[in-house]
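What follows is a short report on a single structure.
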Amino acid sequence: MENTENKSFWQKYLKPLVSHKVFTLILLLLGLWIIFSIWANIVGNTFFSLPTMRNILASIVLSSFLTIGAGCLLISGALDLSQAAVGAFGGMVMASAIAGWGLPWYLAILVALALCAVFGAINALLVDKFRFPAFIATLSMSYMAKGLMYLFSSLGSATGTAQNIQFMKPPVIQLLGTGNLSKSIPVLKDIPVGVVVMLIFFIIYGVIMSKTTFGKKVVLMGGNRYAAHLAGINSSAITYILFINSAVLGGVSGIFNSAKLGQGQLLALQTNQFTGITAAILGGISFGGGAGGMGGAFIGLLILNTFQIGMSTVKVNPFWINVFTGILLLVALSFDFFARLRAGQKTARQAREAK
Amino acid sequence: MSNSLEFRGISKLYPGVRALDDISFKAEGGRVLALLGENGAGKSTLLKIMSGDQRPDEGEVLINETPVSFVNPQAAISAGISVIYQERQLMSAMSVMENLFPGALPKNKFGLFDKRKLYSDALAIIEKFGLPIDPTEKVGRLNVAYQQMVEIMKAYRRNSDIIAFDEPTAPLTDAEITILFKVIRELKEEGKVIIYVSHRMAEIFQITDDIVVMKDGKLVRQFKTAETNEAELIQAMVGRDIGDTYSNLSRCTERGDVVLEVKNLKTPYVRDVSFTVRKGEVVGLAGLVGAGRTEVARALFGADPVTGGEILLEGEPVKFKSPRDAIAAGVALCPEDRKEQGLVLGRTIQDNIVMPVVDKVTKYGKIVDRNRMSELARAAVSKYSIKTPSIDKVVVELSGGNQQKVILGRWTSEEMTTKLLILDEPTKGIDVGTKAEIYQTVCDLAKTGIGVIIISSELTEVINLADNIIVMHNGHVTGTVTREEATEESVLAMAMLD
């Protein structure tokens, strides 16, 4: 058994910290910062500065909600490809609820999120009840959401064509979309309100996933869904909660997009179908489920965007940025792969030594 | 020239440990050699060296007196070695004939694959073995025994002179084992070298000619099967005399009230199943694979739908819609397939132990109480002497026996109120020493007033461990006997009754 008294400070506190996956990710992030700072200097640009950091934080707001939703689902062993499309749909609904129906901002948001939740519930129904693979169910749903969004946006137009829906931003929406923190606080000034909301979300979800019984059940279910079922874990309920959560967070992302632009945009989140999943995986959430957390997902997202912004700061041809992002993902996953390989060898050795 | 396979001074080193230490023995053609040893004795490593999966660090392998060394499994196959693993390596969506000729599909004069020739070639092999298998049937639709036969025929088709079986009977029913043994005897007649790895004593005496006992990577002793007995073998395997496992058990003699009463239970898989379990009683469900024992267990646990009859738990009729309901009512199941259905292999011992009680191990509402969690895990580790340095060990790293103890720990933690514990094949793939421990644990649990149902395909195990034995065949109960009355013959007769 464990003997806590005999452990040195290193063993007791530092070793678990250092061997934690998030620690490696933070090192990777710092490494990127150093590389880009030096590289930017060489090409006569600056990377290491407050504005850059702020830019990076601001650039991840939209994808952060997607990452949280995708991360929770991935931990449970499922995935959602419809998030971004459902989110765009939600953003469109909010815009037209304000512009067309004249709803107050809170009702507009509520209606948008509720409709997103319906998509999530259908995803869950398909996966849980009808046993569709999540990949197929949510891929279909992403097409449906996209089509419905176009239909929806064409309803109000005289010509019947799909269009971006402009709306007058109520103050709260304005604040969410483009507001900054108070100018009076020196370091924090100019930090977008969206960043603050994002951080709050990460903290709340971080606590839920790592500290609560719900989070524990999600991880166990992700590790072995059937065994979890046979141990009395209500995996159906969890599936519904997580799919709805993913869709609603997609909606939050869509709403932020609309709030920023002042319009429900047809192309909203178009490039984000895989961003959430990518960031989550980059952040150490295992693709098969059963491992990972929100802290990692957050760092993963930071790495992804640091990389992209860094690349453009050092004036790499934008076309190459995607190529390198792909390589980054492979490198990050190979870390995971080698770690598991090492763990496997260690296990085998321990198993033999135990005999 | 007769076939032979010889190991000469084989050692395999893994960092810090000798998985195999100077193993030398010779297996002759026309004889069946049993490789016997507890889990971790090195049998699998030896099979892996045979199959070209691993290379020895010292020593050499000789086939027909000629040293050989394999760079990969393919090389071993071409040298005439086939290892038939428990996990069959068949393409289940393909037909039997395609599986028999992988990479060797006959071609017609246009260079295209010749289905007719494939069919007749496959049929020839199947008829040679006298098996009722249709060559065009998809392998996935065959039962496990016949799937195994396909694997054997594949080895035969490759003209393998050396065939090793890794626990071949584990998934088979007694009738199927008879078929397997018939085939093995035929292969033996043809002068092939047969290596047979199994935990089951009865089979060893039935089918083998020579026995090599291994322990901790070393060869302990070699026996001629005809000149030894079970006690001697067990002693060689565990290095100590464990005596008669069953007669040394300290059993529960007190019988309390009826915990479970099953009346004419009907599910899509079983019918007319009735029996009772009392507090402190161990009831065994015996029968061949497919008799419906697991299905009864699953129905009692709410994992399969009940379509008729009644289940009374402590006199109260219950209807479980899911395992969740059953657990809440005090019914627990250790499923047949530990790794697939029992454990979350990638998580720690404590996570696996608190699984059904996560919602109870809390503070401030919904926050997981880690101290309480580790308390429960530590209790289980010490109660069942689970061999692990820490409760944070990931269960995939534990041996089969310790994994089983983790599941037992899960259902008997302080937060659980288990009244009825169902153990489905609790000792499957577990070595002799740990088996005895699990048997005693079962009796100890019965002493705490739990009613226990035990399902096992090892007849000896059920009839010696259970106080009452319910025998099933083809989805219904064909007889009930007490331990005192039960003999292997009588129970088997009821299990095969039509």
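Identifiers for the structure tokens are assigned positionally: chains receive A, B, ... in sequence, residues are indexed from 1 per chain, and ligands are indexed from 1 in the order shown.
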
Contact residues around Gly287 of chain B with only C-alpha atoms at 7 Å, ignoring same-chain residues under 3 positions, as a compact mmCIF listing (two decimals) with N, CA and C atoms, in the first residue's frame:
```txt
# COMPACT_ATOMS: atom_id res chain seq x y z
N ALA B 291 -26.53 -23.19 -22.22
CA ALA B 291 -27.66 -23.77 -21.50
C ALA B 291 -28.58 -22.68 -20.95
N VAL B 471 -29.15 -27.53 -12.33
CA VAL B 471 -28.58 -27.92 -13.61
C VAL B 471 -29.51 -27.44 -14.72
N MET B 472 -28.93 -26.81 -15.72
CA MET B 472 -29.74 -26.29 -16.82
C MET B 472 -29.34 -26.92 -18.14
N HIS B 473 -30.32 -27.01 -19.00
CA HIS B 473 -30.04 -27.46 -20.35
C HIS B 473 -31.00 -26.76 -21.29
N ALA B 495 -27.22 -32.21 -17.46
CA ALA B 495 -26.90 -31.07 -18.31
C ALA B 495 -27.06 -31.41 -19.79
```

Segment 283-299 of chain A: which residues within 8 Å, counting only C-alpha atoms, same-chain residues fewer than 4 positions away excluded, as a PyMOL selection string?
-> (chain A and resi 21-22+25-26+29+64+67-68+71-72+74-78+202+205-206+209-210+218-224+279+303+336) or (chain B and resi 346-347)

Among listed residues B:Thr480, B:Thr417, B:Ser4, B:Ser322, nearest Ile233 of chain A (using only C-alpha atoms) = B:Ser322

Could you check how far atom CA of Ser44 of chain B sits from atom CA of Lys12 of chain B, in Å to one decimal?
->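 So the answer is 11.8 Å.
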
Can you list, as a ChimeraX atom specification, every residue of segment 268-374 of chain B that DSSP puts in helix (DSSP H, G or I)?
-> /B:293-300,323-329,338-342,349-360,370-374

Keeping N, CA and C atoms, export the residues of the selection given above as an mmCIF file, in the first residue's frame.
```
data_model
loop_
_atom_site.group_PDB
_atom_site.id
_atom_site.type_symbol
_atom_site.label_atom_id
_atom_site.label_comp_id
_atom_site.auth_asym_id
_atom_site.auth_seq_id
_atom_site.Cartn_x
_atom_site.Cartn_y
_atom_site.Cartn_z
ATOM 1 N N ARG B 293 -27.431 -20.258 -18.529
ATOM 2 C CA ARG B 293 -27.074 -19.855 -17.161
ATOM 3 C C ARG B 293 -26.784 -18.366 -17.081
ATOM 4 N N THR B 294 -25.939 -17.892 -18.002
ATOM 5 C CA THR B 294 -25.619 -16.465 -18.014
ATOM 6 C C THR B 294 -26.879 -15.648 -18.238
ATOM 7 N N GLU B 295 -27.772 -16.178 -19.059
ATOM 8 C CA GLU B 295 -29.009 -15.464 -19.369
ATOM 9 C C GLU B 295 -29.888 -15.342 -18.124
ATOM 10 N N VAL B 296 -29.918 -16.374 -17.286
ATOM 11 C CA VAL B 296 -30.654 -16.269 -16.027
ATOM 12 C C VAL B 296 -30.042 -15.170 -15.171
ATOM 13 N N ALA B 297 -28.720 -15.194 -15.080
ATOM 14 C CA ALA B 297 -28.031 -14.187 -14.271
ATOM 15 C C ALA B 297 -28.356 -12.787 -14.769
ATOM 16 N N ARG B 298 -28.295 -12.622 -16.077
ATOM 17 C CA ARG B 298 -28.542 -11.298 -16.646
ATOM 18 C C ARG B 298 -29.979 -10.836 -16.397
ATOM 19 N N ALA B 299 -30.918 -11.779 -16.470
ATOM 20 C CA ALA B 299 -32.308 -11.420 -16.217
ATOM 21 C C ALA B 299 -32.490 -10.993 -14.760
ATOM 22 N N LEU B 300 -31.853 -11.739 -13.837
ATOM 23 C CA LEU B 300 -31.971 -11.396 -12.418
ATOM 24 C C LEU B 300 -31.369 -10.019 -12.141
ATOM 25 N N PRO B 323 -29.769 -2.695 -14.880
ATOM 26 C CA PRO B 323 -28.871 -3.098 -13.795
ATOM 27 C C PRO B 323 -28.886 -2.087 -12.647
ATOM 28 N N ARG B 324 -29.110 -0.837 -13.015
ATOM 29 C CA ARG B 324 -29.165 0.222 -12.005
ATOM 30 C C ARG B 324 -30.211 -0.083 -10.933
ATOM 31 N N ASP B 325 -31.405 -0.501 -11.381
ATOM 32 C CA ASP B 325 -32.463 -0.855 -10.424
ATOM 33 C C ASP B 325 -32.037 -2.034 -9.565
ATOM 34 N N ALA B 326 -31.433 -3.034 -10.234
ATOM 35 C CA ALA B 326 -31.050 -4.253 -9.526
ATOM 36 C C ALA B 326 -30.021 -3.929 -8.441
ATOM 37 N N ILE B 327 -29.060 -3.097 -8.797
ATOM 38 C CA ILE B 327 -28.015 -2.736 -7.841
ATOM 39 C C ILE B 327 -28.630 -2.015 -6.643
ATOM 40 N N ALA B 328 -29.555 -1.099 -6.939
ATOM 41 C CA ALA B 328 -30.207 -0.362 -5.860
ATOM 42 C C ALA B 328 -30.949 -1.305 -4.923
ATOM 43 N N ALA B 329 -31.454 -2.428 -5.476
ATOM 44 C CA ALA B 329 -32.199 -3.375 -4.656
ATOM 45 C C ALA B 329 -31.273 -4.372 -3.959
ATOM 46 N N ARG B 338 -14.817 -10.430 -17.662
ATOM 47 C CA ARG B 338 -14.267 -9.415 -16.755
ATOM 48 C C ARG B 338 -13.827 -8.152 -17.457
ATOM 49 N N LYS B 339 -13.043 -8.345 -18.525
ATOM 50 C CA LYS B 339 -12.405 -7.182 -19.144
ATOM 51 C C LYS B 339 -13.377 -6.361 -19.983
ATOM 52 N N GLU B 340 -14.291 -7.036 -20.660
ATOM 53 C CA GLU B 340 -15.199 -6.320 -21.547
ATOM 54 C C GLU B 340 -16.402 -5.757 -20.797
ATOM 55 N N GLN B 341 -16.868 -6.518 -19.799
ATOM 56 C CA GLN B 341 -18.125 -6.130 -19.163
ATOM 57 C C GLN B 341 -17.971 -5.713 -17.714
ATOM 58 N N GLY B 342 -16.859 -6.107 -17.112
ATOM 59 C CA GLY B 342 -16.726 -5.861 -15.687
ATOM 60 C C GLY B 342 -15.971 -4.589 -15.347
ATOM 61 N N ILE B 349 -7.835 1.309 -9.689
ATOM 62 C CA ILE B 349 -8.543 0.389 -8.810
ATOM 63 C C ILE B 349 -9.662 1.129 -8.089
ATOM 64 N N GLN B 350 -9.347 2.314 -7.546
ATOM 65 C CA GLN B 350 -10.395 2.993 -6.780
ATOM 66 C C GLN B 350 -11.563 3.423 -7.656
ATOM 67 N N ASP B 351 -11.283 3.878 -8.850
ATOM 68 C CA ASP B 351 -12.388 4.236 -9.747
ATOM 69 C C ASP B 351 -13.279 3.027 -9.997
ATOM 70 N N ASN B 352 -12.661 1.880 -10.220
ATOM 71 C CA ASN B 352 -13.433 0.685 -10.517
ATOM 72 C C ASN B 352 -14.230 0.203 -9.318
ATOM 73 N N ILE B 353 -13.691 0.443 -8.134
ATOM 74 C CA ILE B 353 -14.409 -0.011 -6.943
ATOM 75 C C ILE B 353 -15.607 0.882 -6.627
ATOM 76 N N VAL B 354 -15.464 2.181 -6.829
ATOM 77 C CA VAL B 354 -16.577 3.062 -6.463
ATOM 78 C C VAL B 354 -17.657 3.180 -7.541
ATOM 79 N N MET B 355 -17.424 2.531 -8.683
ATOM 80 C CA MET B 355 -18.357 2.700 -9.810
ATOM 81 C C MET B 355 -19.845 2.716 -9.437
ATOM 82 N N PRO B 356 -20.344 1.689 -8.766
ATOM 83 C CA PRO B 356 -21.787 1.718 -8.515
ATOM 84 C C PRO B 356 -22.197 2.678 -7.400
ATOM 85 N N VAL B 357 -21.233 3.169 -6.639
ATOM 86 C CA VAL B 357 -21.605 4.017 -5.502
ATOM 87 C C VAL B 357 -21.091 5.446 -5.644
ATOM 88 N N VAL B 358 -20.714 5.822 -6.872
ATOM 89 C CA VAL B 358 -20.190 7.184 -7.076
ATOM 90 C C VAL B 358 -21.116 8.219 -6.443
ATOM 91 N N ASP B 359 -22.403 8.003 -6.631
ATOM 92 C CA ASP B 359 -23.346 9.002 -6.142
ATOM 93 C C ASP B 359 -23.417 9.067 -4.618
ATOM 94 N N LYS B 360 -22.885 8.034 -3.961
ATOM 95 C CA LYS B 360 -22.944 8.039 -2.493
ATOM 96 C C LYS B 360 -21.662 8.564 -1.873
ATOM 97 N N ARG B 370 -12.868 12.333 -2.374
ATOM 98 C CA ARG B 370 -11.729 11.471 -2.710
ATOM 99 C C ARG B 370 -11.222 10.666 -1.520
ATOM 100 N N ASN B 371 -11.299 11.262 -0.345
ATOM 101 C CA ASN B 371 -10.824 10.526 0.825
ATOM 102 C C ASN B 371 -11.662 9.287 1.067
ATOM 103 N N ARG B 372 -12.975 9.479 0.964
ATOM 104 C CA ARG B 372 -13.884 8.361 1.167
ATOM 105 C C ARG B 372 -13.639 7.306 0.087
ATOM 106 N N MET B 373 -13.395 7.784 -1.130
ATOM 107 C CA MET B 373 -13.163 6.891 -2.251
ATOM 108 C C MET B 373 -11.943 6.013 -1.984
ATOM 109 N N SER B 374 -10.862 6.646 -1.534
ATOM 110 C CA SER B 374 -9.657 5.833 -1.320
ATOM 111 C C SER B 374 -9.826 4.951 -0.099
#
```

Any chance you could tabulate, as JSON lines, the residues of segment 166-269 of chain A at most 8 Å from segment 104-109 of chain A with each one's nearest atom pair and distance in Å to one decimal, using only C-alpha atoms, in chain and rising number order?
```
{"residue": "A:Pro170", "atom": "CA", "partner": "A:Trp105", "partner_atom": "CA", "distance": 6.6}
{"residue": "A:Val172", "atom": "CA", "partner": "A:Trp105", "partner_atom": "CA", "distance": 7.6}
{"residue": "A:Ile173", "atom": "CA", "partner": "A:Trp105", "partner_atom": "CA", "distance": 7.1}
{"residue": "A:Ile255", "atom": "CA", "partner": "A:Ile109", "partner_atom": "CA", "distance": 7.4}
```

Restricted to N, CA and C atoms, what would the selected residues look like written as a PDB file, in the first residue's frame?
```pdb
ATOM      1  N   PRO A 170     -28.811  44.794 -29.012  1.00  0.00           N
ATOM      2  CA  PRO A 170     -29.156  45.325 -27.693  1.00  0.00           C
ATOM      3  C   PRO A 170     -27.857  45.444 -26.884  1.00  0.00           C
ATOM      4  N   VAL A 172     -26.689  44.378 -24.080  1.00  0.00           N
ATOM      5  CA  VAL A 172     -26.045  43.180 -23.510  1.00  0.00           C
ATOM      6  C   VAL A 172     -25.351  42.380 -24.608  1.00  0.00           C
ATOM      7  N   ILE A 173     -26.008  42.249 -25.732  1.00  0.00           N
ATOM      8  CA  ILE A 173     -25.425  41.522 -26.857  1.00  0.00           C
ATOM      9  C   ILE A 173     -24.173  42.247 -27.346  1.00  0.00           C
ATOM     10  N   ILE A 255     -24.025  32.257 -31.027  1.00  0.00           N
ATOM     11  CA  ILE A 255     -24.557  33.520 -30.507  1.00  0.00           C
ATOM     12  C   ILE A 255     -23.442  34.552 -30.368  1.00  0.00           C
TER      13      ILE A 255
END
```

Between B:Lys154, B:Lys447, B:Lys393, B:Lys405, which has the minimum distance to chain A (counting only C-alpha atoms)?
->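 Selected residue with least distance to chain A: B:Lys393.
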